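Asks: This is the structure, below, for whatever I ask next.
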Amino acid sequence: MEKRFLNVPEVATYLGFSISAIRKWVRRGTIPFNKVNGGVRFDIQRLDLWLEKKVVKAEPQNYN
C-alpha cells in the first residue's frame with residue numbers, strides 16, 4: 001500500500017527540491033499541506049493536482 005501523506009523530507013525528495021525550499025513554501029502558504037498533531041503533512045494526491053496546475057504550456061515561437 002502506497003503512503004498517501006508525506007512529511008517534509010519525503011516531499012522534498014518527491015518534488016526534487018530542498019527541505020528548506022519546502023519549509024519556505026509552507027510558511028508562505030504556496031504549497032498545499034495539512035497540520036496533523038502539530039506537524040506538517042502533505043497529501044500526495046493534492047500535491048499532484050497542485051503540480052498539474054503549475055504546468056506552463058509553451059507557446060509556439062515565431063522566429064521570422
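Residue numbers start at 1 in each chain; chains themselves are named A, B, ... in the order of the C-alpha cells; ligands are numbered from 1 in the order shown.
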Taking the DSSP assignment computed from this structure's backbone, write out as JSON, numbers by chain all residues of chain A that belong to strand (DSSP E).

Replies: {"A": [5, 6, 34, 35, 36, 39, 40, 41, 42, 43]}

Asks: With distances taken over only C-alpha atoms, which residue among A:Asn7, A:Leu49, A:Ala12, A:Ala58 lies nearest Asn34 (chain A)?

Replies: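 Between A:Asn7, A:Leu49, A:Ala12, A:Ala58, the residue approaching Asn34 (chain A) most closely is A:Asn7.
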
Asks: Of the candidates A:Asn37, A:Val56, A:Trp25, A:Gln61, which shows the shortest atom-to-atom distance to Val11 (chain A), using only C-alpha atoms?

Replies: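 Among the listed residues, A:Trp25 lies closest to Val11 (chain A).
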
Asks: So that I can check the surroundings of Pro32 (chain A), please list as a CSV table (one decimal) with N, CA and C atoms, in the first residue's frame every protein, DNA and RNA residue that reaches within 12 Å of it, counting only C-alpha atoms and ignoring chain neighbours fewer than 3 positions away.

Replies:
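Contents of selection-v9.csv, freshly written:
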chain,number,residue,atom,x,y,z
A,5,PHE,N,0.1,10.3,2.7
A,5,PHE,CA,0.6,11.5,3.4
A,5,PHE,C,2.1,11.4,3.5
A,6,LEU,N,2.8,12.5,3.2
A,6,LEU,CA,4.2,12.6,3.3
A,6,LEU,C,4.6,13.7,4.2
A,8,VAL,N,7.9,16.5,5.4
A,8,VAL,CA,8.7,17.5,4.6
A,8,VAL,C,9.9,16.8,3.9
A,11,VAL,N,8.5,14.9,0.8
A,11,VAL,CA,8.0,15.8,-0.2
A,11,VAL,C,9.2,16.4,-1.0
A,22,ILE,N,10.9,23.6,0.7
A,22,ILE,CA,9.6,23.1,1.1
A,22,ILE,C,9.1,23.8,2.3
A,23,ARG,N,9.9,24.0,3.3
A,23,ARG,CA,9.6,24.7,4.5
A,23,ARG,C,9.2,26.1,4.2
A,25,TRP,N,8.0,27.3,1.4
A,25,TRP,CA,6.7,27.3,0.7
A,25,TRP,C,5.5,27.0,1.7
A,26,VAL,N,5.8,26.2,2.8
A,26,VAL,CA,4.8,26.0,3.8
A,26,VAL,C,4.5,27.3,4.5
A,27,ARG,N,5.6,28.0,4.9
A,27,ARG,CA,5.5,29.3,5.7
A,27,ARG,C,4.7,30.3,4.8
A,28,ARG,N,4.9,30.3,3.5
A,28,ARG,CA,4.3,31.3,2.6
A,28,ARG,C,2.9,30.9,2.2
A,29,GLY,N,2.5,29.6,2.5
A,29,GLY,CA,1.2,29.1,2.0
A,29,GLY,C,1.2,28.8,0.5
A,35,LYS,N,-2.1,20.3,8.7
A,35,LYS,CA,-1.5,20.2,10.0
A,35,LYS,C,-2.1,19.1,10.8
A,40,VAL,N,3.4,19.0,10.0
A,40,VAL,CA,3.0,19.3,8.6
A,40,VAL,C,3.0,18.0,7.8
A,41,ARG,N,1.9,17.7,7.1
A,41,ARG,CA,1.8,16.6,6.3
A,41,ARG,C,1.3,17.0,4.9
A,42,PHE,N,1.6,16.3,3.9
A,42,PHE,CA,1.2,16.6,2.5
A,42,PHE,C,0.5,15.4,1.9
A,43,ASP,N,-0.7,15.7,1.4
A,43,ASP,CA,-1.5,14.7,0.7
A,43,ASP,C,-0.9,14.6,-0.7
A,44,ILE,N,-0.4,13.4,-1.0
A,44,ILE,CA,0.2,13.3,-2.3
A,44,ILE,C,-0.7,13.5,-3.5
A,45,GLN,N,-2.0,13.2,-3.3
A,45,GLN,CA,-3.0,13.5,-4.4
A,45,GLN,C,-3.1,15.0,-4.6
A,46,ARG,N,-3.2,15.7,-3.5
A,46,ARG,CA,-3.3,17.2,-3.6
A,46,ARG,C,-2.1,17.8,-4.2
A,47,LEU,N,-0.9,17.2,-3.9
A,47,LEU,CA,0.4,17.7,-4.4
A,47,LEU,C,0.4,17.5,-6.0
A,48,ASP,N,-0.1,16.3,-6.4
A,48,ASP,CA,-0.1,16.1,-7.8
A,48,ASP,C,-1.1,17.0,-8.6
A,49,LEU,N,-2.2,17.3,-8.0
A,49,LEU,CA,-3.1,18.3,-8.6
A,49,LEU,C,-2.5,19.7,-8.6
A,50,TRP,N,-1.8,20.1,-7.5
A,50,TRP,CA,-1.2,21.4,-7.5
A,50,TRP,C,-0.1,21.5,-8.5
A,51,LEU,N,0.6,20.4,-8.7
A,51,LEU,CA,1.7,20.4,-9.8
A,51,LEU,C,1.1,20.5,-11.2

Asks: To one decimal place in Å, what is the distance between CA of Lys57 (chain A) and CA of Ala21 (chain A)?

Replies: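 Interatomic distance here is 24.1 Å.
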
Asks: In Å to one decimal, how far is CA of Phe17 (chain A) from CA of Val36 (chain A)?

Replies: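 Spanning CA of Val36 (chain A) to CA of Phe17 (chain A) is a straight-line distance of 22.4 Å.
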
Asks: Can you check which residues of chain A DSSP gives as alpha helix (DSSP H) on the backbone and send them as an MDAnalysis selection string?

Replies: chainID A and resid 8:15 19:28 44:53
